[in-house]
file my_file-v5.cif (mmCIF, C-alpha atoms)
data_my_file
loop_
_atom_site.label_atom_id
_atom_site.label_comp_id
_atom_site.auth_asym_id
_atom_site.auth_seq_id
_atom_site.Cartn_x
_atom_site.Cartn_y
_atom_site.Cartn_z
CA MET W 1 11.17 -32.39 3.20
CA ALA W 2 9.35 -33.59 0.07
CA LEU W 3 6.42 -31.33 0.96
CA ILE W 4 8.76 -28.33 1.24
CA ASN W 5 10.25 -29.14 -2.17
CA ASP W 6 6.77 -29.37 -3.69
CA LEU W 7 5.74 -26.11 -2.06
CA GLY W 8 8.86 -24.46 -3.44
CA LYS W 9 7.97 -25.59 -6.97
CA ILE W 10 4.40 -24.32 -6.59
CA ILE W 11 5.57 -20.95 -5.25
CA VAL W 12 8.16 -20.54 -8.02
CA PHE W 13 5.61 -21.47 -10.70
CA LEU W 14 2.98 -19.06 -9.36
CA PHE W 15 5.50 -16.25 -8.93
CA LEU W 16 6.72 -16.66 -12.51
CA LEU W 17 3.14 -16.82 -13.77
CA LEU W 18 2.13 -13.71 -11.84
CA SER W 19 5.27 -11.88 -13.00
CA VAL W 20 4.49 -12.57 -16.66
CA PHE W 21 0.90 -11.50 -16.11
CA LEU W 22 1.87 -8.24 -14.38
CA MET W 23 4.34 -7.35 -17.14
CA THR W 24 1.88 -8.04 -19.97
CA VAL W 25 -1.51 -6.96 -18.58
CA LYS W 26 -2.93 -3.72 -19.97
CA SER W 27 -2.87 -1.00 -17.36
CA ASP W 28 -2.95 2.79 -17.15
CA ARG W 29 -0.03 2.65 -14.75
CA ARG W 30 2.57 0.07 -15.70
CA LEU W 31 5.41 1.05 -13.34
CA PRO W 32 3.78 -0.45 -10.19
CA ASN W 33 3.14 -3.67 -12.11
CA TYR W 34 6.72 -3.85 -13.38
CA LEU W 35 8.17 -3.20 -9.92
CA PHE W 36 6.04 -5.85 -8.24
CA ALA W 37 6.87 -8.30 -11.02
CA ALA W 38 10.56 -7.55 -10.34
CA PHE W 39 9.95 -8.20 -6.64
CA LEU W 40 8.41 -11.59 -7.45
CA LEU W 41 11.26 -12.53 -9.81
CA VAL W 42 13.91 -11.64 -7.21
CA SER W 43 11.96 -13.69 -4.65
CA VAL W 44 11.98 -16.63 -7.09
CA ILE W 45 15.80 -16.70 -6.94
CA ASP W 46 15.57 -17.23 -3.18
CA PHE W 47 12.90 -19.94 -3.45
CA LEU W 48 14.87 -21.92 -6.04
CA GLY W 49 16.86 -23.24 -3.08
CA PHE W 50 13.84 -25.34 -2.12
CA PHE W 51 14.44 -27.93 -4.81
CA LEU W 52 17.58 -27.09 -6.81
CA PRO W 53 20.97 -28.37 -5.60
CA ALA W 54 23.34 -25.71 -4.27
CA SER W 55 25.88 -24.51 -6.82
CA GLU W 56 29.57 -24.71 -6.01
CA HIS W 57 30.39 -21.72 -8.21
CA ASN W 58 31.07 -18.62 -6.14
CA THR W 59 29.44 -16.26 -8.66
CA VAL W 60 26.18 -18.22 -8.68
CA ARG W 61 26.16 -18.58 -4.89
CA GLY W 62 26.97 -14.88 -4.50
CA PHE W 63 24.17 -13.81 -6.82
CA LYS W 64 21.60 -16.08 -5.15
CA LEU W 65 22.46 -14.98 -1.63
CA SER W 66 22.94 -11.29 -2.43
CA SER W 67 19.62 -11.10 -4.32
CA ILE W 68 17.87 -11.13 -0.94
CA LEU W 69 19.16 -7.58 -0.50
CA LEU W 70 17.14 -6.48 -3.54
CA GLN W 71 13.74 -7.61 -2.25
CA MET W 72 12.92 -4.82 0.19
CA PRO W 73 14.36 -1.98 -1.96
CA ILE W 74 12.15 -3.08 -4.86
CA TYR W 75 9.10 -3.41 -2.61
CA TYR W 76 9.82 0.06 -1.17
CA LEU W 77 9.93 1.51 -4.69
CA TYR W 78 6.73 -0.37 -5.52
CA VAL W 79 4.92 1.17 -2.53
CA ASN W 80 5.93 4.66 -3.68
CA ALA W 81 4.87 3.92 -7.27
CA ALA W 82 1.50 2.60 -6.05
CA CYS W 83 0.92 5.67 -3.87
CA TYR W 84 1.96 8.39 -6.33
CA TYR W 85 0.91 8.50 -9.98
CA ASN W 86 3.83 10.81 -10.89
CA PHE W 87 6.52 8.71 -9.18
CA SER W 88 9.23 7.66 -11.61
CA LEU W 89 12.51 5.78 -11.39
CA ASP W 90 15.66 7.85 -11.39
CA LYS W 91 19.42 7.20 -11.42
CA LYS W 92 19.52 7.90 -7.68
CA HIS W 93 17.37 4.80 -7.09
CA LEU W 94 20.32 2.67 -8.24
CA LEU W 95 21.85 3.41 -4.81
CA HIS W 96 19.36 0.95 -3.33
CA GLY W 97 21.29 -1.81 -5.08
CA LEU W 98 24.69 -1.04 -3.53
CA PRO W 99 24.43 -3.63 -0.67
CA PHE W 100 23.55 -6.30 -3.25
CA LEU W 101 26.45 -5.29 -5.47
CA PHE W 102 28.91 -5.22 -2.57
CA PHE W 103 28.15 -8.74 -1.33
CA PHE W 104 27.83 -10.14 -4.85
CA ILE W 105 31.37 -8.98 -5.67
CA ILE W 106 32.85 -10.09 -2.32
CA ILE W 107 31.28 -13.57 -2.41
CA SER W 108 32.18 -14.03 -6.09
CA ILE W 109 35.83 -13.43 -5.17
CA THR W 110 36.21 -15.09 -1.77
CA GLY W 111 33.23 -17.42 -1.50
CA ILE W 112 30.97 -17.62 1.55
CA THR W 113 33.26 -17.57 4.56
CA GLU W 114 32.06 -17.58 8.17
CA SER W 115 32.87 -13.88 8.66
CA ILE W 116 31.13 -12.86 5.42
CA SER W 117 28.11 -14.98 6.30
CA LEU W 118 27.84 -13.27 9.70
CA MET W 119 28.26 -9.82 8.15
CA PHE W 120 25.62 -10.62 5.54
CA ASP W 121 23.13 -11.77 8.20
CA ILE W 122 23.60 -8.55 10.16
CA VAL W 123 23.33 -6.32 7.08
CA SER W 124 20.26 -8.14 5.72
CA ILE W 125 18.39 -7.88 9.05
CA VAL W 126 19.27 -4.20 9.54
CA GLN W 127 18.40 -3.44 5.92
CA TYR W 128 15.05 -5.23 6.18
CA TYR W 129 13.87 -3.31 9.22
CA CYS W 130 15.20 0.01 7.91
CA TYR W 131 13.08 -0.45 4.79
CA ILE W 132 10.07 -1.54 6.87
CA ILE W 133 10.36 1.71 8.84
CA ALA W 134 10.82 3.71 5.62
CA ILE W 135 7.73 2.09 4.10
CA PHE W 136 5.57 2.85 7.14
CA LEU W 137 6.80 6.46 7.11
CA SER W 138 6.02 6.71 3.38
CA LEU W 139 2.53 5.33 3.97
CA ARG W 140 1.94 7.80 6.82
CA ALA W 141 2.95 10.71 4.54
CA PHE W 142 0.73 9.31 1.78
CA ARG W 143 -2.21 9.08 4.18
CA LYS W 144 -1.80 12.69 5.30
CA LEU W 145 -1.61 13.95 1.71
CA TYR W 146 -4.68 12.13 0.40
CA GLN W 147 -6.73 13.11 3.45
CA GLU W 148 -5.88 16.77 2.90
CA ASN W 149 -6.33 16.82 -0.88
CA TYR W 150 -8.58 14.01 -2.15
CA SER W 151 -12.13 12.83 -1.53
CA SER W 152 -11.91 9.49 -3.37
CA ASN W 153 -11.08 6.15 -1.78
CA HIS W 154 -7.27 6.33 -1.57
CA HIS W 155 -7.62 5.08 2.00
CA LEU W 156 -8.22 1.64 0.48
CA THR W 157 -4.77 1.84 -1.13
CA TYR W 158 -3.27 2.85 2.20
CA LYS W 159 -5.05 0.06 4.08
CA TRP W 160 -4.07 -2.55 1.48
CA LEU W 161 -0.39 -1.61 1.42
CA PHE W 162 -0.25 -1.22 5.21
CA GLN W 163 -1.77 -4.67 5.78
CA THR W 164 0.54 -6.29 3.23
CA THR W 165 3.61 -4.73 4.82
CA VAL W 166 2.49 -5.93 8.25
CA LEU W 167 2.05 -9.44 6.84
CA PHE W 168 5.55 -9.29 5.34
CA LEU W 169 6.85 -8.23 8.75
CA ILE W 170 5.11 -11.16 10.45
CA GLY W 171 6.56 -13.55 7.86
CA ASN W 172 10.06 -12.19 8.49
CA ILE W 173 9.64 -12.74 12.23
CA PHE W 174 8.98 -16.42 11.55
CA VAL W 175 12.14 -16.52 9.42
CA LEU W 176 14.12 -15.00 12.31
CA ILE W 177 12.69 -17.56 14.73
CA ARG W 178 13.65 -20.30 12.31
CA GLY W 179 17.26 -19.11 12.51
CA PHE W 180 17.42 -20.11 16.19
CA VAL W 181 16.19 -23.68 15.54
CA GLU W 182 18.44 -26.57 14.55
CA LYS W 183 18.11 -27.31 10.84
CA ASP W 184 17.71 -31.04 11.27
CA SER W 185 14.91 -30.79 13.83
CA SER W 186 11.20 -31.34 13.12
CA VAL W 187 10.43 -27.86 14.49
CA PHE W 188 12.64 -26.34 11.78
CA LEU W 189 10.77 -28.28 9.06
CA TYR W 190 7.40 -27.23 10.46
CA LEU W 191 8.50 -23.59 10.55
CA TYR W 192 9.87 -23.83 7.02
CA THR W 193 6.60 -25.33 5.78
CA PHE W 194 4.47 -22.76 7.61
CA THR W 195 6.61 -19.87 6.36
CA SER W 196 6.32 -21.11 2.78
CA LEU W 197 2.54 -21.43 3.01
CA PHE W 198 2.34 -18.00 4.64
CA VAL W 199 4.38 -16.37 1.85
CA LEU W 200 2.22 -18.09 -0.76
CA PHE W 201 -0.96 -16.82 0.92
CA VAL W 202 0.32 -13.23 1.28
CA ILE W 203 1.44 -12.90 -2.33
CA CYS W 204 -1.75 -14.45 -3.75
CA TRP W 205 -3.90 -12.27 -1.48
CA PHE W 206 -1.92 -9.21 -2.52
CA VAL W 207 -2.16 -9.82 -6.25
CA LEU W 208 -5.85 -10.83 -6.17
CA ASN W 209 -6.68 -7.60 -4.33
CA ALA W 210 -4.82 -5.65 -6.99
CA LEU W 211 -6.64 -7.45 -9.81
CA TYR W 212 -10.13 -7.07 -8.35
CA ASN W 213 -9.52 -3.44 -7.38
CA PRO W 214 -7.54 -1.81 -10.22
CA ASN W 215 -8.09 1.66 -8.68
CA LEU W 216 -5.88 0.65 -5.75
CA VAL W 217 -2.85 1.92 -7.64
CA ALA W 218 -4.48 5.07 -9.05
CA GLY W 219 -2.05 7.12 -6.97
CA ILE W 220 -1.94 10.78 -5.94
CA ASN W 221 0.40 13.68 -6.71
CA LYS W 222 3.73 13.18 -4.89
CA ASP W 223 4.57 16.89 -5.14
CA LEU W 224 1.82 17.93 -2.73
CA ILE W 225 2.99 19.46 0.54
CA PRO W 226 1.27 18.65 3.87
CA VAL W 227 -0.48 21.56 5.53
CA LYS W 228 1.30 22.91 8.60
CA PRO W 229 -0.75 23.92 11.66
CA THR W 230 -1.12 27.68 12.19
CA ASN W 231 -1.92 29.83 15.17
CA GLU W 232 -4.78 31.58 13.42
CA SER W 233 -7.92 32.40 15.36
CA LYS W 234 -10.52 29.66 15.54
CA GLU W 235 -13.26 32.24 15.00
CA GLU W 236 -15.34 31.28 11.98
CA PRO W 237 -14.16 33.41 9.01
CA GLU W 238 -16.38 34.64 6.20
CA GLN W 239 -14.61 32.33 3.75
CA LEU W 240 -15.73 29.31 5.77
CA LYS W 241 -19.34 30.50 5.63
CA SER W 242 -18.99 30.85 1.85
CA LEU W 243 -17.47 27.40 1.61
CA LEU W 244 -20.26 25.75 3.61
CA LYS W 245 -22.91 27.59 1.62
CA PHE W 246 -21.28 26.46 -1.65
CA MET W 247 -21.17 22.85 -0.44
CA GLU W 248 -24.87 22.96 0.51
CA THR W 249 -26.15 24.67 -2.63
CA GLU W 250 -23.85 23.46 -5.43
CA LYS W 251 -23.11 19.99 -3.98
CA PRO W 252 -19.63 19.60 -5.55
CA TYR W 253 -19.13 16.50 -3.40
CA LEU W 254 -21.38 14.54 -5.77
CA ASP W 255 -18.33 14.36 -8.03
CA ASP W 256 -16.56 11.19 -6.89
CA LYS W 257 -13.25 12.61 -8.20
CA LEU W 258 -13.51 15.88 -6.31
CA THR W 259 -10.10 17.13 -5.14
CA LEU W 260 -8.93 20.09 -3.12
CA GLN W 261 -7.63 21.64 -6.34
CA LYS W 262 -11.03 21.40 -8.07
CA LEU W 263 -12.87 22.84 -5.07
CA ALA W 264 -10.34 25.68 -4.78
CA GLU W 265 -10.90 26.54 -8.45
CA HIS W 266 -14.69 26.65 -7.92
CA LEU W 267 -14.28 29.02 -4.97
CA SER W 268 -11.41 31.05 -6.48
CA ILE W 269 -9.33 30.40 -3.36
CA PRO W 270 -5.68 29.22 -3.37
CA GLU W 271 -5.39 25.50 -2.58
CA LYS W 272 -3.20 26.01 0.47
CA GLN W 273 -5.54 28.63 1.88
CA LEU W 274 -8.56 26.37 1.38
CA SER W 275 -6.76 23.43 2.99
CA VAL W 276 -5.84 25.51 6.05
CA LEU W 277 -9.43 26.81 6.19
CA ILE W 278 -10.83 23.28 6.31
CA ASN W 279 -8.19 21.83 8.63
CA GLN W 280 -8.05 24.67 11.14
CA HIS W 281 -11.71 25.69 11.28
CA THR W 282 -13.57 22.38 10.90
CA GLY W 283 -11.09 20.10 12.65
CA ARG W 284 -11.27 17.70 9.72
CA HIS W 285 -9.15 16.70 6.77
CA PHE W 286 -10.53 17.48 3.30
CA PHE W 287 -11.32 13.76 2.89
CA ASP W 288 -13.53 13.63 6.01
CA PHE W 289 -14.96 17.09 5.36
CA VAL W 290 -16.31 16.09 1.94
CA ASN W 291 -17.53 12.69 3.12
CA GLU W 292 -19.54 14.38 5.88
CA PHE W 293 -21.75 15.98 3.23
CA ARG W 294 -22.02 12.72 1.30
CA ILE W 295 -23.08 10.82 4.42
CA LYS W 296 -25.63 13.54 5.22
CA ASP W 297 -27.23 13.06 1.78
CA ALA W 298 -27.02 9.29 2.15
CA LYS W 299 -28.96 9.43 5.42
CA VAL W 300 -31.78 11.32 3.71
CA LEU W 301 -31.91 8.85 0.81
CA LEU W 302 -31.81 5.83 3.12
CA LYS W 303 -34.74 7.26 5.06
CA ASP W 304 -36.88 8.76 2.30
CA GLN W 305 -36.08 6.57 -0.73
CA PRO W 306 -36.62 2.91 0.33
CA GLN W 307 -36.85 1.85 -3.32
CA LEU W 308 -33.15 2.70 -3.80
CA THR W 309 -30.60 0.01 -3.03
CA VAL W 310 -27.58 0.85 -0.89
CA LEU W 311 -25.35 0.46 -3.96
CA GLU W 312 -27.44 2.99 -5.89
CA ILE W 313 -27.15 5.42 -3.00
CA VAL W 314 -23.38 4.91 -2.92
CA TYR W 315 -22.96 6.39 -6.40
CA GLU W 316 -25.80 8.87 -5.97
CA VAL W 317 -24.03 10.73 -3.15
CA GLY W 318 -20.53 10.77 -4.67
CA PHE W 319 -18.74 7.65 -3.44
CA ASN W 320 -17.03 5.45 -6.01
CA SER W 321 -17.03 2.17 -4.09
CA LYS W 322 -19.32 0.37 -1.67
CA SER W 323 -16.51 -0.44 0.74
CA SER W 324 -15.39 3.19 1.08
CA PHE W 325 -19.03 4.24 1.64
CA TYR W 326 -19.55 1.64 4.38
CA THR W 327 -16.29 2.67 6.08
CA ALA W 328 -17.15 6.37 6.02
CA PHE W 329 -20.78 5.83 7.03
CA LYS W 330 -19.88 3.67 10.01
CA LYS W 331 -17.17 6.14 11.05
CA GLU W 332 -19.75 8.95 11.02
CA THR W 333 -22.74 7.12 12.56
CA ASN W 334 -21.26 4.04 14.31
CA ILE W 335 -23.75 1.80 12.46
CA THR W 336 -23.97 0.36 8.95
CA PRO W 337 -26.19 1.92 6.25
CA THR W 338 -28.50 -1.13 6.37
CA ASP W 339 -28.92 -0.85 10.14
CA TYR W 340 -29.51 2.90 9.80
CA ARG W 341 -32.29 2.31 7.25
CA LYS W 342 -33.91 -0.31 9.48
CA SER W 343 -33.78 2.00 12.48
CA ARG W 344 -35.65 4.70 10.55
CA VAL W 345 -38.46 2.48 9.28
#

call {"tool": "encode", "arguments": {"input": "my_file-v5.cif", "output": "structure tokens"}}
result
Amino acid sequence: MALINDLGKIIVFLFLLLSVFLMTVKSDRRLPNYLFAAFLLVSVIDFLGFFLPASEHNTVRGFKLSSILLQMPIYYLYVNAACYYNFSLDKKHLLHGLPFLFFFIIISITGITESISLMFDIVSIVQYYCYIIAIFLSLRAFRKLYQENYSSNHHLTYKWLFQTTVLFLIGNIFVLIRGFVEKDSSVFLYLYTFTSLFVLFVICWFVLNALYNPNLVAGINKDLIPVKPTNESKEEPEQLKSLLKFMETEKPYLDDKLTLQKLAEHLSIPEKQLSVLINQHTGRHFFDFVNEFRIKDAKVLLKDQPQLTVLEIVYEVGFNSKSSFYTAFKKETNITPTDYRKSRV
């Protein structure tokens, strides 16, 4: 039990430290930082139970218990803020706090009775998994939008948020298992210790990734609309021939910030029309379509320019990170750039 208390103090200290850092660090996009700092601070309230004695005051007990219902709403808002640069908080987002407010008021008045405790457990579990589903749906929509409109490495943002959410889900499963174990048993203590260490690892891993990769929260335009499939003929139109010729001769893909909007302006074609043209007639999203040309150039450089390092080639062909280049190259060729170079020697 002493170990659990010590872990609780470490977690609370780190969460407070990270919260202060996120709220004070200079950043082009502060909202994601503020929301994740709020998530950490709300989580701190829950972890204070590790080493602080339980209060007998109904208001304090109500606030501590009900604050759990704020964690997932704040994380959900954070995910949206991280995905979309023009996401902003609105009065309607206050509705996410209604379950917290309801139980805070009820517990402050009546205390924690058996019926309220049961109702809270049911609501908290249902709420958690509803938000998990909502987050996965938001990430799926985000993935579709960036694939259709952007050529930069927003897939790293998707992968990072997806993995973190999965880890949160795994951690919650351990918490649910713990609920079926007697509190005085050694198994319960082991689960409590493991869960605490797991939470500590996930949060530290999450924040370190964000610090080392500041572009992870660059975000995309939330007002974009996914392209709907059409029944147009698959016969290659003249516009596609013009597009391919433009890509080969002008090489717009060398711009690591190339977007569907920029390419549409170059070709004097409406964005939606260009998106449908690429999706319907190449069978690829804009993201993969552009990277195909980049990988084609990279193959030539890997073969003909041995004096260039892989990192130099990364930026030469239009990628803005080594990891996104490796992912795209392996997806296209099934081998790494280094192995490809060796095979062509």

call {"tool": "closest_atom_pairs", "arguments": {"input": "my_file-v5.cif", "of": "region 64-99 of chain W", "to": "region 25-47 of chain W", "cutoff": "9 Å", "atoms": "only C-alpha atoms", "output": "Markdown table"}}
result
| residue | atom | partner | partner_atom | distance |
| --- | --- | --- | --- | --- |
| W:Lys64 | CA | W:Ile45 | CA | 6.1 |
| W:Leu65 | CA | W:Asp46 | CA | 7.4 |
| W:Ser67 | CA | W:Val42 | CA | 6.4 |
| W:Ile68 | CA | W:Asp46 | CA | 6.9 |
| W:Leu70 | CA | W:Val42 | CA | 7.1 |
| W:Gln71 | CA | W:Phe39 | CA | 5.8 |
| W:Met72 | CA | W:Phe39 | CA | 8.2 |
| W:Pro73 | CA | W:Phe39 | CA | 8.9 |
| W:Ile74 | CA | W:Phe39 | CA | 5.9 |
| W:Tyr75 | CA | W:Phe39 | CA | 6.3 |
| W:Leu77 | CA | W:Leu35 | CA | 7.3 |
| W:Tyr78 | CA | W:Leu35 | CA | 5.4 |
| W:Val79 | CA | W:Pro32 | CA | 7.9 |
| W:Asn80 | CA | W:Pro32 | CA | 8.6 |
| W:Ala81 | CA | W:Pro32 | CA | 5.4 |
| W:Ala82 | CA | W:Pro32 | CA | 5.6 |
| W:Tyr85 | CA | W:Arg29 | CA | 7.6 |
| W:Phe87 | CA | W:Leu31 | CA | 8.8 |
| W:Ser88 | CA | W:Leu31 | CA | 7.8 |
| W:Leu89 | CA | W:Leu31 | CA | 8.8 |

call {"tool": "resolve_selection", "arguments": {"input": "my_file-v5.cif", "expression": "the PyMOL selection byres ((chain W and resi 148) around 10)", "output": "PyMOL selection string"}}
result
chain W and resi 143-147+149-151+224-227+259-260+272+275-276+278-279+284-289

call {"tool": "atom_distance", "arguments": {"input": "my_file-v5.cif", "atom1": "CA of Asn209 (chain W)", "atom2": "CA of Leu18 (chain W)"}}
result
13.1 Å

call {"tool": "closest_residue", "arguments": {"input": "my_file-v5.cif", "among": "W:Leu169, W:Leu197, W:Leu176, W:Val123", "to": "Ile11 (chain W)", "atoms": "all atoms listed in the file"}}
result
W:Leu197

call {"tool": "atom_distance", "arguments": {"input": "my_file-v5.cif", "atom1": "CA of Thr165 (chain W)", "atom2": "CA of Ile132 (chain W)"}}
result
7.5 Å

call {"tool": "residues_around", "arguments": {"input": "my_file-v5.cif", "residues": "region 294-298 of chain W", "least_positions_apart": "6", "cutoff": "7 Å", "atoms": "only C-alpha atoms", "output": "ChimeraX atom specification"}}
result
/W:253,313,317-318,329

call {"tool": "atom_distance", "arguments": {"input": "my_file-v5.cif", "atom1": "CA of Arg61 (chain W)", "atom2": "CA of Phe15 (chain W)"}}
result
21.2 Å

call {"tool": "residues_around", "arguments": {"input": "my_file-v5.cif", "residues": "Ile116 (chain W)", "least_positions_apart": "3", "cutoff": "12 Å", "atoms": "only C-alpha atoms", "output": "PyMOL selection string"}}
result
chain W and resi 62+65-66+102-113+119-124
